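Structure file final-v2.txt (compact mmCIF, C-alpha atoms) is printed below.
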# COMPACT_ATOMS: atom_id res chain seq x y z
CA MET A 1 2.49 11.97 -49.06
CA PHE A 2 2.70 11.58 -45.25
CA LYS A 3 -1.05 11.90 -44.84
CA GLY A 4 -1.55 9.04 -47.29
CA LEU A 5 1.07 6.95 -45.52
CA THR A 6 -0.62 7.52 -42.15
CA ILE A 7 -3.97 6.41 -43.58
CA LEU A 8 -2.34 3.29 -45.06
CA ILE A 9 -0.76 2.38 -41.68
CA CYS A 10 -4.10 2.87 -39.89
CA VAL A 11 -5.75 0.53 -42.37
CA LEU A 12 -3.02 -2.11 -42.30
CA ILE A 13 -2.57 -2.38 -38.51
CA PRO A 14 -5.98 -3.98 -37.77
CA LEU A 15 -5.60 -6.25 -40.80
CA ILE A 16 -2.13 -7.41 -39.73
CA SER A 17 -3.28 -8.02 -36.14
CA ASN A 18 -5.92 -10.43 -37.44
CA PHE A 19 -3.23 -12.67 -38.92
CA TYR A 20 -0.50 -12.37 -36.29
CA GLN A 21 -0.75 -12.56 -32.55
CA THR A 22 1.69 -11.32 -29.93
CA LYS A 23 3.47 -14.24 -28.27
CA LYS A 24 1.81 -15.09 -24.97
CA ILE A 25 3.72 -15.60 -21.76
CA SER A 26 3.06 -18.36 -19.26
CA TYR A 27 1.83 -16.29 -16.32
CA ASP A 28 -1.47 -14.96 -15.08
CA PHE A 29 -0.43 -11.58 -13.73
CA SER A 30 -3.90 -10.94 -12.35
CA LYS A 31 -3.60 -13.79 -9.84
CA PRO A 32 -0.52 -13.84 -7.60
CA ILE A 33 -0.08 -17.09 -5.70
CA VAL A 34 1.50 -15.06 -2.88
CA LYS A 35 0.91 -11.43 -1.91
CA ASP A 36 3.12 -10.24 0.93
CA ILE A 37 2.89 -6.81 2.58
CA LEU A 38 6.45 -5.71 3.22
CA PRO A 39 7.61 -3.85 6.36
CA ALA A 40 7.76 -0.05 6.48
CA SER A 41 11.57 -0.06 6.15
CA LEU A 42 11.04 -1.35 2.60
CA GLN A 43 8.47 1.30 1.69
CA GLU A 44 10.78 2.47 -1.09
CA ILE A 45 11.89 -1.01 -2.22
CA SER A 46 13.56 -0.58 -5.59
CA GLY A 47 15.04 -3.98 -6.36
CA LEU A 48 15.23 -7.61 -5.29
CA ALA A 49 17.30 -10.71 -5.97
CA ILE A 50 16.36 -14.26 -5.05
CA ILE A 51 19.00 -15.88 -2.83
CA ASP A 52 17.32 -19.23 -2.13
CA SER A 53 13.83 -20.72 -1.72
CA THR A 54 13.04 -18.59 1.36
CA THR A 55 15.41 -15.62 1.17
CA ILE A 56 15.56 -12.54 -1.04
CA ALA A 57 18.00 -9.64 -1.00
CA CYS A 58 16.37 -6.20 -1.24
CA ILE A 59 17.45 -2.60 -1.57
CA GLN A 60 15.54 0.65 -1.30
CA ASP A 61 16.31 3.80 -3.19
CA GLU A 62 17.33 6.15 -0.39
CA ASN A 63 19.95 4.36 1.73
CA GLY A 64 22.87 2.05 1.05
CA ILE A 65 21.38 -0.79 3.06
CA LEU A 66 21.11 -4.43 2.04
CA PHE A 67 18.07 -6.20 3.46
CA LEU A 68 17.78 -9.99 3.63
CA TYR A 69 14.08 -10.81 3.75
CA ASP A 70 12.61 -14.14 4.90
CA THR A 71 9.70 -14.92 2.55
CA LYS A 72 8.54 -17.84 4.72
CA ASN A 73 8.29 -15.93 8.00
CA HIS A 74 7.55 -12.57 6.34
CA LYS A 75 10.22 -10.53 8.07
CA ILE A 76 13.64 -8.95 7.61
CA LYS A 77 16.17 -11.30 9.15
CA GLN A 78 19.37 -9.32 8.48
CA GLN A 79 20.44 -5.94 7.20
CA TYR A 80 23.83 -4.42 6.47
CA ILE A 81 25.09 -1.00 5.40
CA PHE A 82 27.15 -1.18 2.21
CA GLY A 83 27.19 2.46 1.05
CA LEU A 84 26.28 6.07 1.73
CA ASN A 85 22.79 7.44 1.16
CA GLY A 86 21.97 7.44 -2.54
CA ASP A 87 19.57 6.38 -5.26
CA TYR A 88 20.01 2.58 -5.40
CA GLU A 89 17.84 0.97 -8.05
CA GLY A 90 18.93 -2.55 -9.06
CA ILE A 91 20.33 -5.70 -7.49
CA THR A 92 21.27 -9.11 -8.88
CA LYS A 93 23.04 -12.26 -7.69
CA VAL A 94 26.14 -13.67 -9.39
CA GLY A 95 27.36 -16.85 -7.71
CA GLU A 96 28.32 -15.91 -4.15
CA LEU A 97 28.32 -12.18 -4.94
CA LEU A 98 25.65 -9.51 -5.11
CA TYR A 99 25.82 -6.49 -7.40
CA VAL A 100 23.89 -3.30 -6.66
CA LEU A 101 23.28 -0.54 -9.22
CA ARG A 102 23.13 3.12 -8.26
CA SER A 103 21.15 5.28 -10.67
CA ASP A 104 24.28 7.11 -11.85
CA GLY A 105 25.70 3.82 -13.13
CA VAL A 106 28.05 2.99 -10.27
CA LEU A 107 28.10 -0.73 -9.41
CA PHE A 108 28.68 -2.09 -5.91
CA GLU A 109 30.05 -5.62 -5.62
CA LEU A 110 29.10 -7.19 -2.26
CA LYS A 111 31.02 -10.18 -0.88
CA ASN A 112 30.25 -12.06 2.34
CA TYR A 113 26.94 -10.21 2.39
CA THR A 114 25.36 -12.54 4.97
CA THR A 115 27.97 -11.61 7.60
CA LYS A 116 29.18 -8.53 9.42
CA LYS A 117 32.41 -8.87 7.42
CA ILE A 118 30.68 -7.75 4.23
CA SER A 119 33.23 -6.35 1.76
CA VAL A 120 32.43 -3.84 -0.96
CA LYS A 121 34.08 -2.95 -4.26
CA THR A 122 32.81 -0.20 -6.52
CA TYR A 123 33.00 0.20 -10.28
CA ALA A 124 32.33 3.49 -12.04
CA THR A 125 30.86 2.14 -15.28
CA ARG A 126 30.46 5.57 -16.89
CA VAL A 127 27.29 4.41 -18.56
CA PRO A 128 26.15 7.25 -20.90
CA ALA A 129 22.58 7.28 -19.59
CA LEU A 130 21.59 9.86 -16.98
CA ASN A 131 19.31 7.56 -14.99
CA ASN A 132 19.64 3.78 -14.74
CA GLU A 133 17.34 1.37 -12.91
CA GLY A 134 17.56 -2.06 -14.54
CA LEU A 135 20.17 -4.64 -13.55
CA CYS A 136 20.36 -8.38 -14.20
CA TYR A 137 22.88 -11.20 -14.65
CA ASP A 138 23.33 -12.88 -18.03
CA SER A 139 24.90 -16.20 -17.01
CA ILE A 140 25.38 -17.45 -20.58
CA ASN A 141 27.66 -14.54 -21.48
CA ASN A 142 29.03 -13.82 -17.97
CA ARG A 143 27.94 -10.22 -17.96
CA LEU A 144 25.62 -7.80 -16.24
CA LEU A 145 22.98 -5.95 -18.21
CA ILE A 146 22.21 -2.35 -17.23
CA GLY A 147 18.91 -0.86 -18.36
CA ALA A 148 18.67 2.90 -18.81
CA LYS A 149 15.40 4.34 -17.54
CA GLY A 150 15.31 7.35 -19.83
CA LYS A 151 17.06 8.92 -22.76
CA ILE A 152 20.80 8.85 -23.33
CA ASN A 153 22.54 12.10 -22.30
CA LYS A 154 20.79 15.41 -22.92
CA ASP A 155 20.68 15.24 -26.71
CA PRO A 156 17.04 15.93 -27.77
CA LEU A 157 17.59 13.59 -30.73
CA ASN A 158 17.71 10.73 -28.23
CA LYS A 159 14.33 11.42 -26.65
CA ASP A 160 12.79 8.26 -28.11
CA LEU A 161 15.85 6.05 -27.55
CA ARG A 162 16.10 3.55 -24.68
CA CYS A 163 19.25 1.43 -24.25
CA ILE A 164 20.58 -1.60 -22.43
CA TYR A 165 24.33 -1.85 -21.85
CA GLU A 166 26.60 -4.79 -21.00
CA PHE A 167 29.17 -4.90 -18.20
CA ASN A 168 31.83 -7.57 -18.70
CA LEU A 169 32.35 -9.43 -15.42
CA LYS A 170 35.77 -10.74 -16.46
CA THR A 171 37.29 -7.36 -17.33
CA LYS A 172 34.95 -5.34 -15.06
CA THR A 173 34.38 -2.84 -17.87
CA LEU A 174 31.35 -1.46 -19.66
CA ASN A 175 30.91 -1.64 -23.42
CA GLN A 176 30.03 1.95 -24.29
CA LYS A 177 28.12 0.71 -27.33
CA PRO A 178 24.60 -0.36 -26.31
CA LEU A 179 23.78 -4.04 -26.50
CA PHE A 180 20.17 -3.19 -27.36
CA ASN A 181 18.67 0.00 -28.78
CA PHE A 182 14.92 0.32 -28.32
CA ASN A 183 12.81 3.07 -29.86
CA THR A 184 9.59 4.14 -28.16
CA LEU A 185 8.02 4.86 -31.56
CA ASP A 186 8.50 1.21 -32.56
CA ILE A 187 7.14 0.02 -29.23
CA ASN A 188 4.02 2.14 -29.57
CA LEU A 189 3.51 0.92 -33.14
CA PHE A 190 3.70 -2.66 -31.81
CA ALA A 191 1.13 -1.74 -29.15
CA LYS A 192 -1.25 -0.35 -31.77
CA MET A 193 -0.77 -3.40 -33.98
CA TYR A 194 -1.89 -5.68 -31.16
CA GLU A 195 -4.65 -3.34 -30.00
CA ILE A 196 -3.10 -2.58 -26.61
CA LYS A 197 -4.77 0.37 -24.94
CA LEU A 198 -2.38 3.30 -24.75
CA PRO A 199 -2.34 5.81 -21.88
CA LYS A 200 -4.40 8.95 -22.43
CA ARG A 201 -4.62 12.44 -21.01
CA THR A 202 -7.06 15.31 -21.23
CA THR A 203 -5.79 18.56 -22.75
CA LYS A 204 -6.65 22.04 -21.47
CA ASN A 205 -9.30 22.17 -24.17
CA GLY A 206 -10.96 19.01 -22.82
CA LYS A 207 -9.76 16.80 -25.67
CA VAL A 208 -8.68 13.26 -24.79
CA VAL A 209 -5.46 12.30 -26.57
CA GLU A 210 -3.19 9.25 -26.50
CA ILE A 211 0.20 9.95 -24.93
CA GLY A 212 1.72 6.57 -25.72
CA LEU A 213 4.00 4.27 -23.72
CA LYS A 214 7.09 5.96 -22.29
CA PHE A 215 9.05 2.71 -21.82
CA ASN A 216 10.95 4.00 -18.81
CA THR A 217 12.81 0.90 -17.64
CA SER A 218 12.40 0.21 -13.91
CA GLU A 219 13.85 -3.33 -13.88
CA ILE A 220 15.12 -6.08 -16.19
CA ALA A 221 15.62 -9.85 -15.84
CA ILE A 222 16.38 -12.83 -18.07
CA HIS A 223 13.92 -15.71 -17.89
CA PRO A 224 15.78 -18.85 -16.72
CA VAL A 225 13.87 -21.18 -19.04
CA THR A 226 13.00 -19.24 -22.20
CA LYS A 227 16.01 -16.86 -22.01
CA GLN A 228 13.71 -13.97 -22.95
CA LEU A 229 14.45 -10.51 -21.61
CA TYR A 230 11.72 -9.13 -19.34
CA VAL A 231 11.56 -5.35 -18.88
CA LEU A 232 9.35 -3.59 -16.35
CA SER A 233 8.15 -0.03 -16.87
CA ALA A 234 6.51 1.11 -13.63
CA ASN A 235 5.20 4.37 -15.09
CA ASP A 236 3.46 2.54 -17.94
CA HIS A 237 2.19 -0.28 -15.68
CA CYS A 238 3.53 -2.65 -18.34
CA LEU A 239 5.86 -5.63 -18.70
CA PHE A 240 7.69 -5.95 -22.02
CA VAL A 241 9.11 -9.26 -23.25
CA PHE A 242 11.92 -9.40 -25.84
CA ASN A 243 13.65 -12.36 -27.47
CA ILE A 244 17.42 -12.90 -27.25
CA ASN A 245 17.92 -10.71 -30.32
CA GLY A 246 16.14 -7.77 -28.72
CA ASN A 247 12.93 -8.09 -30.75
CA LEU A 248 9.72 -7.24 -28.90
CA GLU A 249 7.40 -10.25 -28.58
CA HIS A 250 4.82 -9.28 -25.99
CA ILE A 251 3.47 -6.39 -23.93
CA GLU A 252 1.62 -7.31 -20.73
CA GLN A 253 -0.49 -4.55 -19.22
CA LEU A 254 -0.46 -4.70 -15.43
CA ASN A 255 -3.29 -3.83 -13.08
CA HIS A 256 -2.70 -0.38 -11.57
CA THR A 257 -3.94 -1.42 -8.14
CA LEU A 258 -2.02 -4.68 -7.89
CA PHE A 259 1.13 -3.21 -9.41
CA ASN A 260 1.29 0.15 -7.67
CA LYS A 261 4.88 0.85 -8.74
CA ALA A 262 6.66 -2.28 -9.97
CA GLU A 263 10.41 -1.85 -9.57
CA GLY A 264 11.72 -5.29 -8.59
CA LEU A 265 11.80 -8.46 -10.71
CA SER A 266 13.55 -11.78 -10.11
CA PHE A 267 13.03 -15.38 -11.29
CA TYR A 268 13.32 -18.67 -9.46
CA PRO A 269 15.27 -21.31 -11.46
CA HIS A 270 12.07 -23.16 -12.47
CA GLY A 271 10.42 -19.98 -13.76
CA ASP A 272 8.22 -18.68 -10.93
CA VAL A 273 8.69 -14.94 -10.60
CA LEU A 274 8.70 -12.32 -7.85
CA ILE A 275 7.74 -8.70 -8.47
CA SER A 276 8.04 -6.01 -5.81
CA ASN A 277 6.16 -2.71 -5.66
CA GLU A 278 7.13 0.51 -3.95
CA GLY A 279 4.53 1.66 -1.47
CA GLN A 280 4.30 5.37 -2.33
CA ALA A 281 0.99 6.34 -0.67
CA HIS A 282 0.17 2.67 -0.09
CA GLN A 283 1.98 -0.35 1.33
CA PRO A 284 4.97 -1.98 -0.39
CA THR A 285 4.18 -5.45 -1.71
CA LEU A 286 5.91 -8.61 -2.86
CA LEU A 287 3.99 -10.67 -5.43
CA LYS A 288 4.74 -14.20 -6.60
CA PHE A 289 3.41 -15.65 -9.84
CA LYS A 290 3.52 -19.26 -10.99
CA TYR A 291 5.16 -20.23 -14.25
CA GLN A 292 2.78 -22.35 -16.33
CA PRO A 293 4.52 -23.38 -19.58
Have the structure of the file written as structure tokens, please.
Amino acid sequence: MFKGLTILICVLIPLISNFYQTKKISYDFSKPIVKDILPASLQEISGLAIIDSTTIACIQDENGILFLYDTKNHKIKQQYIFGLNGDYEGITKVGELLYVLRSDGVLFELKNYTTKKISVKTYATRVPALNNEGLCYDSINNRLLIGAKGKINKDPLNKDLRCIYEFNLKTKTLNQKPLFNFNTLDINLFAKMYEIKLPKRTTKNGKVVEIGLKFNTSEIAIHPVTKQLYVLSANDHCLFVFNINGNLEHIEQLNHTLFNKAEGLSFYPHGDVLISNEGQAHQPTLLKFKYQP
């Protein structure tokens, strides 16, 4: 029975893809309009938030330091300590506040972050995921979204499950029920349907096999114009685009050289986007792409 079903799916996928096309996005991710080499102190840049037309706030995943980077003069203009050493992975702007996400789910609320009188509040969200890297502000619903990088807790039944949670900014509490549940099996089926090349590896016997997309969330952001949810997966070198209902609409494969390890994502109000890459064995970069609706 299952063999016949598998054959049927293999036959139907190319036929379906001839009639339906994945929704395109209005960017050319092969041609950044700005490519900035970041300073060595941001070698491990893990998140960014746009403050204004020439300033971004950055964090890196080893120290509790907030960096304010001048995109016009290409230099760090201010930096402040807000926490102890730790794995800081996400940052987003909410009005006059900044929120920083540590991988264990703890949120840091930063006030007066452009002065030496920076004040910090912490919130233990108790998000069920073991490792969290995505953070963005949903202005329509006055909440933060937290994207889990991997599976939820240690239950092997959750190995294919990826979740996004919501943190209510009014009550400062986390809804323990995920806002979105994504399944890597569904994502890989979508990829096959639209003939997206899946990662491969060579076995000990020399056989080349597809390993599929892992969909390990490294950053999330809501598009200011379309309201779509953008999800980066650095390990897959892919950008995933979902509609407001959490339905996958597009997978954009990113160049491995240009996007060494994409972990930061933030939109300007008109739609232009910034993506930052950790340096690893290379140099950390900040890339800007023009929105062309």
Taking into account only C-alpha atoms, which residue in the set A:Asn235, A:Ile118, A:Leu248, A:Leu189 is nearest to Gly150 of chain A?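 Checking each of A:Asn235, A:Ile118, A:Leu248, A:Leu189 against Gly150 of chain A, counting only C-alpha atoms, the winner is A:Asn235.
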* To do: Please identify all polymer residues within 8 Å of Glu96 of chain A, counting all atoms listed in the file, omitting same-chain residues fewer than 2 positions from it, and present them as a PyMOL selection string.
  => chain A and resi 93-94+98+111-112
- Task: In Å, rounded to a single decimal, give me how far atom CA of Phe190 of chain A is from atom CA of His250 of chain A.
- Result: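 Straight-line distance from atom CA of His250 of chain A to atom CA of Phe190 of chain A works out to 8.9 Å.
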Notebook entry, point to check: Hey, what's within 12 Å of Asn73 of chain A if we count all atoms listed in the file and toss same-chain stuff fewer than 6 positions away? As number ranges by chain, please?
Noted result: A: 36-38, 54-55
Nearby residues (all atoms listed in the file) at most 12 Å from Thr285 of chain A, same-chain spacing under 2 positions excluded, as a VMD selection string
chain A and resid 32 34 to 40 42 to 48 71 74 257 to 264 274 to 280 282 to 283 287 to 288
### Message
For a test of reading the model, state the distance in Å between atom CA of Thr226 of chain A and atom CA of Ile59 of chain A, rounded to one decimal.
### Response
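Between atom CA of Thr226 of chain A and atom CA of Ile59 of chain A the gap works out to 26.9 Å.
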The residue from A:Asp155, A:Gly95, A:Ile81, A:His270 with the smallest atom-to-atom distance to Ser119 of chain A, counting all atoms listed in the file, is A:Ile81
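Straight-line separation from atom CA of Leu107 of chain A to atom CA of Leu213 of chain A: 28.5 Å.
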List as number ranges by chain the protein and nucleic acid residues near Asp28 of chain A, meaning an atom at most 12 Å away when all atoms listed in the file are counted, but skip any in the same chain fewer than 6 places from it.
A: 252-255, 272-273, 287-293
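Among A:Pro224, A:Gly246, A:Gly83, A:Gly90, the residue with the shortest atom-to-atom distance to Ser139 of chain A, counting only C-alpha atoms, is A:Pro224.
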Closest of A:Lys159, A:Lys117, A:Lys172, A:Lys200 to Leu185 of chain A - atom-to-atom distances counting all atoms listed in the file: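 For Leu185 of chain A, the nearest of the given residues is A:Lys159.
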Neighbouring residues of Tyr69 of chain A were defined as those with any atom within 8 Å, considering only C-alpha atoms; residues of the same chain fewer than 5 positions away were excluded. Please report them as a compact mmCIF listing (two decimals) with C-alpha atoms, keeping the file's coordinate frame.
# COMPACT_ATOMS: atom_id res chain seq x y z
CA THR A 55 15.41 -15.62 1.17
CA ILE A 56 15.56 -12.54 -1.04
CA ALA A 57 18.00 -9.64 -1.00
CA CYS A 58 16.37 -6.20 -1.24
CA HIS A 74 7.55 -12.57 6.34
CA LYS A 75 10.22 -10.53 8.07
CA ILE A 76 13.64 -8.95 7.61
CA LYS A 77 16.17 -11.30 9.15
CA GLN A 78 19.37 -9.32 8.48
Set up a box along x, y and z of the file covering all listed atoms of segment 218-229 of chain A, add 5 Å on every one of the six sides, and write the centre and edge lengths in Å to one decimal, as AutoDock Vina command-line options.
--center_x 14.4 --center_y -10.5 --center_z -18.4 --size_x 14.0 --size_y 31.4 --size_z 19.1
With distances taken over all atoms listed in the file, the candidate from A:Ile146, A:Leu239, A:Ile211, A:Leu157 nearest Phe180 of chain A is A:Ile146
>> Within 10 Å of (22.7, -2.6, -0.2) in the file's own coordinates, which protein, DNA or RNA residues have an atom, counting only C-alpha atoms? List them as a PyMOL selection string.
In response: chain A and resi 47+57-61+63-68+79-84+88-91+98-102+108-110+113+120
So that I have them on file, write out the residues from the current selection with C-alpha atoms, as a PDB file, in the frame of the given file.
ATOM      1  CA  GLY A  47      15.040  -3.980  -6.360  1.00  0.00           C
ATOM      2  CA  ALA A  57      18.000  -9.640  -1.000  1.00  0.00           C
ATOM      3  CA  CYS A  58      16.370  -6.200  -1.240  1.00  0.00           C
ATOM      4  CA  ILE A  59      17.450  -2.600  -1.570  1.00  0.00           C
ATOM      5  CA  GLN A  60      15.540   0.650  -1.300  1.00  0.00           C
ATOM      6  CA  ASP A  61      16.310   3.800  -3.190  1.00  0.00           C
ATOM      7  CA  ASN A  63      19.950   4.360   1.730  1.00  0.00           C
ATOM      8  CA  GLY A  64      22.870   2.050   1.050  1.00  0.00           C
ATOM      9  CA  ILE A  65      21.380  -0.790   3.060  1.00  0.00           C
ATOM     10  CA  LEU A  66      21.110  -4.430   2.040  1.00  0.00           C
ATOM     11  CA  PHE A  67      18.070  -6.200   3.460  1.00  0.00           C
ATOM     12  CA  LEU A  68      17.780  -9.990   3.630  1.00  0.00           C
ATOM     13  CA  GLN A  79      20.440  -5.940   7.200  1.00  0.00           C
ATOM     14  CA  TYR A  80      23.830  -4.420   6.470  1.00  0.00           C
ATOM     15  CA  ILE A  81      25.090  -1.000   5.400  1.00  0.00           C
ATOM     16  CA  PHE A  82      27.150  -1.180   2.210  1.00  0.00           C
ATOM     17  CA  GLY A  83      27.190   2.460   1.050  1.00  0.00           C
ATOM     18  CA  LEU A  84      26.280   6.070   1.730  1.00  0.00           C
ATOM     19  CA  TYR A  88      20.010   2.580  -5.400  1.00  0.00           C
ATOM     20  CA  GLU A  89      17.840   0.970  -8.050  1.00  0.00           C
ATOM     21  CA  GLY A  90      18.930  -2.550  -9.060  1.00  0.00           C
ATOM     22  CA  ILE A  91      20.330  -5.700  -7.490  1.00  0.00           C
ATOM     23  CA  LEU A  98      25.650  -9.510  -5.110  1.00  0.00           C
ATOM     24  CA  TYR A  99      25.820  -6.490  -7.400  1.00  0.00           C
ATOM     25  CA  VAL A 100      23.890  -3.300  -6.660  1.00  0.00           C
ATOM     26  CA  LEU A 101      23.280  -0.540  -9.220  1.00  0.00           C
ATOM     27  CA  ARG A 102      23.130   3.120  -8.260  1.00  0.00           C
ATOM     28  CA  PHE A 108      28.680  -2.090  -5.910  1.00  0.00           C
ATOM     29  CA  GLU A 109      30.050  -5.620  -5.620  1.00  0.00           C
ATOM     30  CA  LEU A 110      29.100  -7.190  -2.260  1.00  0.00           C
ATOM     31  CA  TYR A 113      26.940 -10.210   2.390  1.00  0.00           C
ATOM     32  CA  VAL A 120      32.430  -3.840  -0.960  1.00  0.00           C
TER      33      VAL A 120
END
- Item | Distance criterion (only C-alpha atoms): nearest to Asn132 of chain A out of A:Val241, A:Ile33, A:Leu145, A:Leu169 |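 The shortest atom-to-atom distance to Asn132 of chain A comes from A:Leu145.
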Expected answer as an MDAnalysis selection string: all residues with atoms within 10 Å of (22.6, 13.1, -19.5), all atoms listed in the file = chainID A and resid 104 127:131 150:155
